[in-house]
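Structure data follow from structure_7.txt (compact mmCIF, C-alpha atoms and all ligand atoms):
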```
# COMPACT_ATOMS: atom_id res chain seq x y z
CA THR A 254 7.70 23.92 35.68
CA PHE A 255 5.68 21.37 33.79
CA HIS A 256 7.45 19.25 31.18
CA PRO A 257 5.01 17.40 28.95
CA ALA A 258 5.71 13.84 27.89
CA SER A 259 7.19 13.45 24.42
CA ARG A 260 3.86 12.10 23.14
CA VAL A 261 2.52 15.60 23.81
CA SER A 262 5.53 17.69 22.80
CA ASN A 263 5.79 15.79 19.51
CA ILE A 264 2.31 16.83 18.34
CA SER A 265 0.62 20.17 17.70
CA ILE A 266 -2.81 21.65 18.29
CA SER A 267 -5.02 21.09 15.26
CA PRO A 268 -4.33 23.90 12.72
CA THR A 269 -8.06 24.09 11.97
CA THR A 270 -8.74 24.82 15.63
CA VAL A 271 -6.05 27.51 15.57
CA ALA A 272 -7.49 29.12 12.41
CA ALA A 273 -11.04 29.00 13.80
CA GLN A 274 -9.90 30.58 17.08
CA LYS A 275 -8.03 33.36 15.27
CA ALA A 276 -11.18 34.16 13.28
CA ARG A 277 -13.28 34.21 16.47
CA ASP A 278 -10.72 36.45 18.26
CA LEU A 279 -10.65 38.96 15.39
CA LYS A 280 -14.45 38.97 15.31
CA ALA A 281 -14.63 39.50 19.07
CA ALA A 282 -12.21 42.44 18.69
CA GLY A 283 -14.74 44.08 16.38
CA HIS A 284 -13.37 43.06 12.96
CA ASP A 285 -15.79 42.12 10.21
CA ILE A 286 -14.84 38.48 9.61
CA LEU A 287 -16.67 35.88 7.52
CA ASN A 288 -15.63 32.61 9.08
CA LEU A 289 -15.26 29.71 6.63
CA THR A 290 -13.03 27.59 8.85
CA VAL A 291 -15.74 25.78 10.77
CA GLY A 292 -15.83 21.98 10.48
CA GLU A 293 -19.27 21.39 11.92
CA PRO A 294 -22.86 21.70 10.76
CA ASP A 295 -24.44 25.11 11.34
CA PHE A 296 -27.79 23.36 11.85
CA ASP A 297 -29.34 22.51 15.19
CA THR A 298 -29.79 18.86 16.17
CA PRO A 299 -33.21 17.66 14.86
CA GLU A 300 -36.04 17.98 17.40
CA LEU A 301 -36.81 14.25 17.48
CA ILE A 302 -33.28 13.55 18.75
CA LYS A 303 -33.37 16.28 21.38
CA GLN A 304 -36.68 14.96 22.70
CA GLU A 305 -35.19 11.48 23.06
CA ALA A 306 -32.36 12.88 25.19
CA ILE A 307 -34.88 14.64 27.41
CA ARG A 308 -36.84 11.40 27.69
CA ALA A 309 -33.66 9.51 28.67
CA ILE A 310 -32.89 12.04 31.42
CA ASN A 311 -36.42 11.88 32.81
CA ALA A 312 -36.40 8.06 32.66
CA GLY A 313 -33.25 7.96 34.79
CA GLU A 314 -30.97 6.67 32.02
CA THR A 315 -28.21 8.60 33.71
CA LYS A 316 -25.87 5.83 34.85
CA TYR A 317 -22.76 4.20 33.40
CA THR A 318 -23.58 2.06 30.39
CA PRO A 319 -21.67 -1.00 29.19
CA VAL A 320 -18.15 0.01 28.08
CA ASN A 321 -18.97 -0.86 24.47
CA GLY A 322 -22.22 1.14 24.46
CA THR A 323 -25.87 0.39 25.18
CA PRO A 324 -27.43 -2.57 23.38
CA GLU A 325 -30.03 -0.16 21.92
CA LEU A 326 -27.37 1.99 20.30
CA ARG A 327 -25.36 -0.98 19.08
CA ARG A 328 -28.50 -2.51 17.55
CA ALA A 329 -29.15 0.81 15.78
CA ILE A 330 -25.57 0.85 14.47
CA GLN A 331 -25.81 -2.79 13.38
CA GLN A 332 -29.00 -2.06 11.47
CA ASP A 333 -27.55 1.05 9.87
CA PHE A 334 -24.45 -0.80 8.64
CA ALA A 335 -26.58 -3.60 7.24
CA THR A 336 -29.18 -1.52 5.44
CA ARG A 337 -27.03 1.32 4.16
CA LEU A 338 -23.73 -0.40 3.42
CA GLY A 339 -24.56 -4.10 3.25
CA ILE A 340 -22.12 -4.81 6.11
CA GLU A 341 -23.40 -7.57 8.44
CA THR A 342 -21.96 -7.50 11.92
CA THR A 343 -22.59 -8.89 15.39
CA LEU A 344 -23.34 -6.63 18.35
CA ASP A 345 -20.04 -7.44 20.06
CA ALA A 346 -18.07 -6.36 16.96
CA ILE A 347 -19.22 -2.77 17.53
CA CYS A 348 -17.50 -0.23 19.78
CA VAL A 349 -18.86 3.15 20.79
CA GLY A 350 -16.87 6.18 21.89
CA GLY A 351 -16.95 9.91 22.53
CA GLY A 352 -16.95 10.84 18.85
CA ALA A 353 -15.42 9.17 15.82
CA LYS A 354 -12.24 10.95 16.88
CA GLN A 355 -12.00 8.91 20.07
CA ILE A 356 -12.57 5.65 18.21
CA LEU A 357 -9.82 6.51 15.71
CA PHE A 358 -7.47 7.44 18.53
CA LEU A 359 -8.23 4.29 20.51
CA ALA A 360 -7.80 2.09 17.43
CA LEU A 361 -4.33 3.56 16.89
CA MET A 362 -3.53 3.36 20.60
CA ALA A 363 -4.53 -0.30 20.55
CA SER A 364 -2.30 -1.20 17.61
CA VAL A 365 0.52 1.28 16.97
CA GLU A 366 3.88 1.43 18.70
CA LYS A 367 7.44 2.50 17.95
CA GLY A 368 8.30 1.34 14.44
CA SER A 369 4.68 1.06 13.25
CA GLU A 370 4.00 2.88 10.01
CA VAL A 371 0.60 4.28 9.11
CA ILE A 372 -0.08 5.27 5.50
CA ILE A 373 -1.98 8.56 5.27
CA PRO A 374 -3.00 9.84 1.82
CA ALA A 375 -2.59 13.64 1.53
CA PRO A 376 -4.49 15.89 1.62
CA TYR A 377 -5.58 14.40 4.94
CA TRP A 378 -7.71 15.32 7.92
CA VAL A 379 -5.31 17.21 10.17
CA SER A 380 -5.64 14.85 13.14
CA TYR A 381 -4.42 11.61 11.54
CA PRO A 382 -0.65 12.27 11.56
CA ASP A 383 -0.66 13.64 15.11
CA MET A 384 -2.79 10.75 16.37
CA VAL A 385 -0.20 8.34 14.95
CA VAL A 386 2.71 10.31 16.46
CA ALA A 387 0.96 10.58 19.84
CA ASN A 388 0.85 6.80 19.90
CA GLY A 389 4.53 6.43 19.03
CA GLY A 390 4.08 5.47 15.38
CA THR A 391 5.34 6.96 12.13
CA PRO A 392 2.97 8.62 9.66
CA VAL A 393 3.81 7.79 6.06
CA ILE A 394 2.32 10.60 4.01
CA VAL A 395 1.49 9.75 0.39
CA ALA A 396 0.82 12.74 -1.84
CA CYS A 397 -2.40 12.34 -3.85
CA PRO A 398 -2.34 15.23 -6.30
CA GLU A 399 -5.32 16.85 -7.93
CA ASP A 400 -4.71 15.05 -11.25
CA THR A 401 -5.63 11.75 -9.59
CA GLY A 402 -8.67 13.46 -8.05
CA PHE A 403 -6.85 13.75 -4.69
CA LYS A 404 -7.25 9.98 -4.41
CA LEU A 405 -4.79 7.26 -3.51
CA THR A 406 -3.92 5.14 -6.56
CA PRO A 407 -3.12 1.41 -6.29
CA GLU A 408 0.44 2.15 -7.48
CA ALA A 409 1.00 4.81 -4.81
CA LEU A 410 -0.36 2.46 -2.16
CA GLU A 411 1.86 -0.39 -3.32
CA GLY A 412 4.89 1.92 -3.20
CA ALA A 413 4.20 3.04 0.36
CA ILE A 414 3.79 -0.40 1.95
CA THR A 415 6.73 -1.79 3.92
CA PRO A 416 7.01 -4.74 6.32
CA ASN A 417 6.35 -2.19 9.11
CA THR A 418 3.06 -0.90 7.70
CA ARG A 419 0.29 -1.36 10.23
CA TRP A 420 -2.57 0.65 8.77
CA LEU A 421 -3.80 2.46 5.72
CA ILE A 422 -6.16 5.29 6.67
CA LEU A 423 -8.86 5.96 4.08
CA ASN A 424 -11.26 8.88 4.51
CA SER A 425 -14.17 8.88 2.10
CA PRO A 426 -15.75 11.37 1.51
CA SER A 427 -12.65 13.29 2.47
CA ASN A 428 -12.08 16.23 4.72
CA PRO A 429 -10.70 18.55 3.19
CA THR A 430 -11.45 17.72 -0.49
CA GLY A 431 -14.92 16.14 -0.34
CA VAL A 432 -13.88 13.49 -2.86
CA ALA A 433 -15.08 9.92 -2.36
CA TYR A 434 -13.84 6.61 -3.72
CA THR A 435 -16.03 4.63 -6.12
CA ALA A 436 -16.61 0.91 -5.55
CA GLN A 437 -14.27 0.21 -8.45
CA GLU A 438 -11.48 2.34 -6.99
CA LEU A 439 -11.92 0.65 -3.62
CA LYS A 440 -11.71 -2.76 -5.27
CA ALA A 441 -8.43 -1.75 -6.93
CA LEU A 442 -7.00 -0.65 -3.56
CA GLY A 443 -8.36 -3.86 -2.02
CA ALA A 444 -6.48 -5.89 -4.63
CA VAL A 445 -3.21 -4.31 -3.45
CA LEU A 446 -4.08 -4.96 0.19
CA ALA A 447 -4.87 -8.59 -0.68
CA ARG A 448 -1.18 -9.00 -1.52
CA HIS A 449 -0.14 -7.52 1.85
CA PRO A 450 -2.12 -9.33 4.53
CA HIS A 451 -0.27 -7.55 7.36
CA VAL A 452 -1.77 -4.16 6.40
CA TRP A 453 -5.05 -3.18 8.06
CA VAL A 454 -7.39 -0.48 6.84
CA LEU A 455 -8.93 2.25 8.95
CA CYS A 456 -11.96 3.59 7.08
CA ASP A 457 -13.20 6.97 8.28
CA GLU A 458 -16.63 7.35 6.71
CA ILE A 459 -17.96 10.07 9.00
CA TYR A 460 -19.21 12.14 6.02
CA ASP A 461 -20.84 9.33 4.05
CA ARG A 462 -24.40 10.53 4.61
CA ILE A 463 -23.59 14.04 3.36
CA TRP A 464 -23.46 12.76 -0.17
CA PHE A 465 -23.95 14.45 -3.56
CA ALA A 466 -22.31 12.14 -6.11
CA SER A 467 -24.31 10.18 -8.67
CA PHE A 468 -22.49 6.96 -7.73
CA GLU A 469 -23.39 5.23 -4.49
CA ALA A 470 -21.50 5.58 -1.20
CA THR A 471 -19.56 2.34 -0.65
CA SER A 472 -17.37 1.24 2.22
CA ILE A 473 -14.13 -0.57 1.37
CA VAL A 474 -15.53 -3.50 3.36
CA GLY A 475 -18.65 -3.47 1.18
CA ALA A 476 -16.49 -3.40 -1.96
CA CYS A 477 -13.98 -5.99 -0.68
CA PRO A 478 -15.70 -8.27 1.86
CA ALA A 479 -12.44 -10.23 2.29
CA LEU A 480 -10.99 -7.18 4.08
CA ALA A 481 -13.58 -7.41 6.87
CA ASP A 482 -11.18 -9.32 9.11
CA ARG A 483 -8.64 -6.45 9.01
CA ALA A 484 -10.74 -3.32 8.66
CA LEU A 485 -12.18 -0.89 11.16
CA VAL A 486 -15.07 1.09 9.71
CA VAL A 487 -15.60 4.29 11.65
CA ASN A 488 -18.68 6.46 11.52
CA GLY A 489 -20.81 8.61 13.79
CA VAL A 490 -23.68 11.04 14.13
CA SER A 491 -21.69 14.28 14.59
CA LYS A 492 -21.79 15.51 11.02
CA SER A 493 -24.79 13.68 9.56
CA HIS A 494 -27.22 14.52 12.36
CA ALA A 495 -25.72 17.85 13.46
CA MET A 496 -24.67 16.33 16.79
CA THR A 497 -21.03 17.45 17.15
CA GLY A 498 -21.47 18.42 20.80
CA TRP A 499 -23.12 15.15 21.81
CA ARG A 500 -19.88 13.22 21.24
CA ILE A 501 -20.92 9.85 19.87
CA GLY A 502 -18.93 7.90 17.29
CA TYR A 503 -18.52 4.21 16.64
CA GLY A 504 -16.54 1.54 14.87
CA VAL A 505 -17.16 -1.93 13.47
CA GLY A 506 -14.30 -4.38 13.12
CA PRO A 507 -12.78 -7.75 13.97
CA LEU A 508 -13.35 -8.88 17.57
CA PRO A 509 -9.70 -8.88 18.72
CA LEU A 510 -9.34 -5.23 17.71
CA ILE A 511 -12.74 -4.23 19.13
CA ASN A 512 -11.91 -6.01 22.40
CA ALA A 513 -8.59 -4.14 22.61
CA ILE A 514 -10.37 -0.82 22.01
CA ASN A 515 -12.95 -1.66 24.68
CA LYS A 516 -10.22 -2.63 27.13
CA LEU A 517 -8.60 0.80 26.68
CA GLN A 518 -11.98 2.49 26.86
CA SER A 519 -12.73 0.71 30.15
CA GLN A 520 -9.66 2.39 31.65
CA MET A 521 -10.08 5.70 29.86
CA SER A 522 -13.68 6.86 30.14
CA SER A 523 -15.73 3.75 31.08
CA CYS A 524 -18.32 4.70 28.45
CA PRO A 525 -19.63 7.67 26.51
CA SER A 526 -22.56 9.71 27.87
CA SER A 527 -25.66 7.56 28.47
CA ILE A 528 -27.93 10.40 27.37
CA SER A 529 -26.04 10.99 24.14
CA GLN A 530 -26.16 7.26 23.40
CA ALA A 531 -29.96 7.22 23.75
CA ALA A 532 -30.20 10.22 21.43
CA ALA A 533 -27.77 8.70 18.88
CA ALA A 534 -29.82 5.49 18.71
CA VAL A 535 -32.89 7.48 17.72
CA ALA A 536 -30.81 9.55 15.31
CA LEU A 537 -29.95 6.33 13.46
CA THR A 538 -33.31 4.55 13.62
CA GLY A 539 -35.73 7.50 13.55
CA ASP A 540 -37.10 9.53 10.67
CA GLN A 541 -34.19 10.58 8.40
CA SER A 542 -36.02 13.42 6.65
CA GLY A 543 -34.11 15.97 8.76
CA VAL A 544 -30.84 14.59 7.43
CA GLN A 545 -32.13 14.63 3.85
CA ALA A 546 -33.23 18.25 4.21
CA GLN A 547 -29.81 19.26 5.53
CA VAL A 548 -28.03 17.43 2.69
CA ALA A 549 -30.17 19.30 0.15
CA VAL A 550 -29.05 22.59 1.70
CA TYR A 551 -25.38 21.51 1.73
CA ARG A 552 -25.68 20.63 -1.95
CA GLU A 553 -27.08 24.03 -2.86
CA ARG A 554 -24.24 25.71 -0.97
CA ARG A 555 -21.63 23.49 -2.57
CA ASP A 556 -22.97 24.31 -6.01
CA ARG A 557 -22.96 28.03 -5.30
CA ALA A 558 -19.48 28.12 -3.75
CA LEU A 559 -18.08 25.95 -6.54
CA GLU A 560 -19.50 28.17 -9.27
CA ARG A 561 -18.30 31.34 -7.57
CA LEU A 562 -14.76 30.09 -6.82
CA ASN A 563 -14.27 28.68 -10.30
CA ALA A 564 -15.21 32.06 -11.78
CA ILE A 565 -12.34 33.79 -9.93
CA GLU A 566 -9.14 34.23 -11.91
CA GLY A 567 -6.25 32.40 -10.27
CA LEU A 568 -8.46 29.91 -8.40
CA SER A 569 -10.04 26.59 -9.35
CA CYS A 570 -11.82 23.86 -7.48
CA ILE A 571 -12.88 20.29 -8.20
CA GLU A 572 -16.41 19.16 -7.40
CA PRO A 573 -16.79 17.42 -4.03
CA ASP A 574 -18.75 14.14 -3.90
CA GLY A 575 -19.74 14.73 -0.29
CA ALA A 576 -19.04 16.49 3.05
CA PHE A 577 -19.21 20.26 3.40
CA TYR A 578 -15.83 21.54 2.30
CA LEU A 579 -14.23 22.90 -0.85
CA TYR A 580 -10.50 22.53 -1.40
CA ALA A 581 -9.60 25.27 -3.84
CA ASN A 582 -6.40 25.39 -5.87
CA CYS A 583 -4.69 28.79 -5.54
CA GLN A 584 -1.62 28.14 -7.72
CA GLY A 585 -2.71 31.05 -9.95
CA VAL A 586 -2.16 33.65 -7.22
CA ILE A 587 1.17 32.32 -5.94
CA GLY A 588 4.01 34.70 -6.84
CA LYS A 589 1.70 37.71 -7.18
CA SER A 590 1.97 40.77 -4.95
CA THR A 591 -0.56 42.46 -2.69
CA PRO A 592 -1.35 46.18 -3.13
CA GLU A 593 1.08 46.73 -0.21
CA GLY A 594 3.82 45.02 -2.21
CA GLN A 595 3.94 41.76 -0.25
CA VAL A 596 4.59 38.67 -2.32
CA ILE A 597 2.17 35.75 -1.90
CA ALA A 598 4.78 33.00 -1.66
CA ASN A 599 2.54 30.13 -0.57
CA ASP A 600 -0.99 29.21 0.47
CA GLN A 601 -0.39 30.33 4.03
CA ASP A 602 0.45 33.85 2.78
CA PHE A 603 -2.70 33.81 0.66
CA VAL A 604 -4.94 32.74 3.53
CA LEU A 605 -3.39 35.40 5.78
CA TYR A 606 -3.99 38.01 3.06
CA LEU A 607 -7.63 36.90 2.81
CA LEU A 608 -8.04 37.16 6.56
CA GLU A 609 -6.32 40.50 7.08
CA LYS A 610 -7.33 42.36 3.91
CA ALA A 611 -10.64 40.75 2.97
CA GLY A 612 -11.99 39.57 6.32
CA VAL A 613 -12.42 35.97 5.13
CA ALA A 614 -11.13 33.16 7.33
CA ALA A 615 -10.12 29.92 5.58
CA VAL A 616 -7.51 27.22 6.29
CA HIS A 617 -4.33 26.91 4.20
CA GLY A 618 -3.66 23.72 2.27
CA ALA A 619 -0.27 23.03 3.85
CA ALA A 620 -2.16 22.17 7.05
CA TYR A 621 -3.69 19.22 5.15
CA GLY A 622 -0.41 18.16 3.60
CA LEU A 623 -0.88 19.37 0.02
CA GLU A 624 -0.06 22.87 -1.31
CA PRO A 625 -1.05 25.34 -2.69
CA TYR A 626 -4.70 25.12 -1.73
CA PHE A 627 -7.13 26.51 0.81
CA ARG A 628 -10.15 24.90 2.42
CA ILE A 629 -13.44 26.63 2.94
CA SER A 630 -16.33 25.13 4.85
CA THR A 631 -19.81 25.49 3.38
CA ALA A 632 -21.47 24.75 6.71
CA THR A 633 -22.66 28.34 6.67
CA SER A 634 -25.45 30.28 4.98
CA LEU A 635 -25.65 31.06 1.26
CA GLU A 636 -25.51 34.75 2.19
CA VAL A 637 -22.18 34.30 3.97
CA ILE A 638 -20.84 32.14 1.12
CA ASP A 639 -21.82 34.78 -1.43
CA ALA A 640 -20.40 37.65 0.60
CA ALA A 641 -17.16 35.72 1.20
CA CYS A 642 -16.81 34.91 -2.51
CA ASP A 643 -17.35 38.61 -3.35
CA ARG A 644 -14.51 39.46 -1.00
CA ILE A 645 -12.20 36.69 -2.24
CA GLU A 646 -12.85 37.81 -5.81
CA ALA A 647 -11.99 41.44 -5.02
CA ALA A 648 -8.90 40.37 -3.05
CA CYS A 649 -7.66 38.25 -5.98
CA ARG A 650 -8.33 41.06 -8.44
CA ALA A 651 -6.22 43.42 -6.32
CA LEU A 652 -3.16 41.18 -6.67
CA ARG A 653 -0.55 42.13 -9.25
N1 LIG A 701 -13.06 12.30 10.86
C1 LIG A 701 -13.02 13.38 10.07
C2 LIG A 701 -12.51 13.24 8.68
C3 LIG A 701 -13.47 14.62 10.53
O1 LIG A 701 -13.42 15.70 9.74
C4 LIG A 701 -13.94 14.73 11.87
C5 LIG A 701 -14.36 16.04 12.43
O2 LIG A 701 -13.89 17.08 12.07
C6 LIG A 701 -13.97 13.59 12.66
C7 LIG A 701 -13.52 12.39 12.12
C8 LIG A 701 -14.41 13.61 14.10
O3 LIG A 701 -15.76 13.36 14.26
P1 LIG A 701 -16.40 13.30 15.72
O4 LIG A 701 -16.99 14.64 16.00
O5 LIG A 701 -17.44 12.23 15.64
O6 LIG A 701 -15.33 12.97 16.69
```
Let me see the structure of the file written as structure tokens.
Amino acid sequence: TFHPASRVSNISISPTTVAAQKARDLKAAGHDILNLTVGEPDFDTPELIKQEAIRAINAGETKYTPVNGTPELRRAIQQDFATRLGIETTLDAICVGGGAKQILFLALMASVEKGSEVIIPAPYWVSYPDMVVANGGTPVIVACPEDTGFKLTPEALEGAITPNTRWLILNSPSNPTGVAYTAQELKALGAVLARHPHVWVLCDEIYDRIWFASFEATSIVGACPALADRALVVNGVSKSHAMTGWRIGYGVGPLPLINAINKLQSQMSSCPSSISQAAAAVALTGDQSGVQAQVAVYRERRDRALERLNAIEGLSCIEPDGAFYLYANCQGVIGKSTPEGQVIANDQDFVLYLLEKAGVAAVHGAAYGLEPYFRISTATSLEVIDAACDRIEAACRALR
């Protein structure tokens, strides 16, 4: 029999993947399921980007590339960081991987070992704690309740730092809440980090182009330039350019860290797909009107879902600044009973009730480290959002 290494047995399969699979299985078995678990754009990759991939194939750009990515892609990333975020960087301070996920994993692999603590504000993207555990470190979860806008406060950060702290992970805009930090809030967190020079900051800004807020998207490195020598800013094209299957993500950071990531990458995958790199370069430098059009649609969906959820008794939801999720508070239904007499004891019970009795698939808040909530994705049509909200409303009304 196969006995996995402890780095595998100590982690679990992403709960979002499990929820999405359950919804797909029920659908395949003939059930009428509206799936709101999906964490990827429902749009197709813009035509311009697809044509560039076809060009790359026909031009024979089908070989290994440099471990740290093609110069064309790194130049595109460099330009994007400079123009959008005011972050100046050299080409060798950029690493490229098979998705932002791989860059985050490699960054932790390069820096975390037994005894290393990584501060993760909750609610968090489900992968962060397991990525830390898989690399032998200890996740330090800091609850960021709704009354602080689901955001890490300087006091909470200060309280979580120990001599063993290696990283703070900041995700803005956040999956699952959609909230983003303002420049002022980032400066306040930066002031705490200034007092603790051994703490590095891992900034996951993968959703920063899917942006609705009236304030401007800022990176912590833009807000606190002094942190540049201990920050890794991670981004990618998966969400912004509807390119989840192409698997390109990237990071910008201090050379010693980038070199360590590249060293691991050289032994792990050599480089990401040459064709996807060509396409990603055009995604970043080409016409951005496709992105703008998609953001406008996401905004309309967010507005609709927000209005509908907030009109349902027992539920409430704060307004996301970006991304394509809503993290709804379901405290008002906890303790009630279903028509069959089952008590809804927590958000997992509620999400199961929605799935089995209303045919709506969502993900329970406990999976993201803060209860009682549930996450819906708005990367689906207005029709599906409306129909799902009708069903959620009826299901809530049926509770006693
Ligand atoms: N970071 C966050 C917060 C995400 O939600 C996701 C995808 O779900 C990723 C990173 C991974 O992005 P990629 O597809 O580029 O690996």
Shell of 12 Å around Lys440 in chain A, all atoms listed in the file, local chain residues under 5 positions omitted, as number ranges by chain: A: 406-407, 434-435, 445-447, 471-480
Enumerate residues in contact with ligand LIG 701 (chain A): an atom-to-atom distance of at most 7 Å, counting only C-alpha atoms and all ligand atoms. Format the result as an MDAnalysis selection string. chainID A and resid 292:293 351:355 378 424 427:428 457 459 489:492 497 500:502
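Atom to atom, CA of Gln541 in chain A and CA of Leu301 in chain A stand 10.1 Å apart.
Restricting the calculation to all atoms listed in the file, the smallest distance between Thr631 in chain A and any of A:Glu366, A:Asp278, A:Glu609, A:Asp556 is found for A:Asp556.
The closest residue to Pro450 in chain A, picked from A:Gly431, A:Ser425, A:Arg419, A:Ile310 and counting all atoms listed in the file, is A:Arg419.
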Just the residues within 10 Å of range 382-396 of chain A, please, counting all atoms listed in the file, with nothing from its chain fewer than 3 positions along; format it as number ranges by chain. A: 258-267, 354, 357-359, 361-379, 399, 403-406, 409-410, 412-414, 417-421, 621-623
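Between CA of Gln545 in chain A and CA of Glu572 in chain A lies a distance of 19.9 Å.
Between CA of Arg327 in chain A and CA of Arg462 in chain A the interatomic distance comes to 18.5 Å.
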Please return, as a PyMOL selection string, all polymer residues that have at least one atom within 6 Å of the point (-14.2, 24.3, 4.6); use all atoms listed in the file and the file's own coordinate frame. chain A and resi 289-290+578-579+628-631
From the list A:Tyr460, A:Ala632, A:Lys275, A:Pro268, which residue is nearest Val291 in chain A when using only C-alpha atoms? A:Ala632
At a cut-off of 9 Å around the point (1.7, 30.8, -0.6) (file coordinates), what residues fall inside when counting only C-alpha atoms? I'd like the answer as a short mmCIF file (atom, residue, chain, number, x, y, z; two decimals) with C-alpha atoms, in the frame of the given file.
```cif
data_model
loop_
_atom_site.label_atom_id
_atom_site.label_comp_id
_atom_site.auth_asym_id
_atom_site.auth_seq_id
_atom_site.Cartn_x
_atom_site.Cartn_y
_atom_site.Cartn_z
CA CYS A 583 -4.69 28.79 -5.54
CA GLN A 584 -1.62 28.14 -7.72
CA VAL A 586 -2.16 33.65 -7.22
CA ILE A 587 1.17 32.32 -5.94
CA GLY A 588 4.01 34.70 -6.84
CA VAL A 596 4.59 38.67 -2.32
CA ILE A 597 2.17 35.75 -1.90
CA ALA A 598 4.78 33.00 -1.66
CA ASN A 599 2.54 30.13 -0.57
CA ASP A 600 -0.99 29.21 0.47
CA GLN A 601 -0.39 30.33 4.03
CA ASP A 602 0.45 33.85 2.78
CA PHE A 603 -2.70 33.81 0.66
CA VAL A 604 -4.94 32.74 3.53
CA HIS A 617 -4.33 26.91 4.20
CA GLU A 624 -0.06 22.87 -1.31
CA PRO A 625 -1.05 25.34 -2.69
CA TYR A 626 -4.70 25.12 -1.73
#
```
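Nearest residue to Asp643 in chain A among A:Leu344, A:Ile330, A:Leu287, A:Ile307 is A:Leu287, counting only C-alpha atoms.
Of the listed residues A:Val271, A:Cys348, A:Leu455, A:Leu423, the one whose atoms come nearest to Asn512 in chain A is A:Cys348, with distances taken using only C-alpha atoms.
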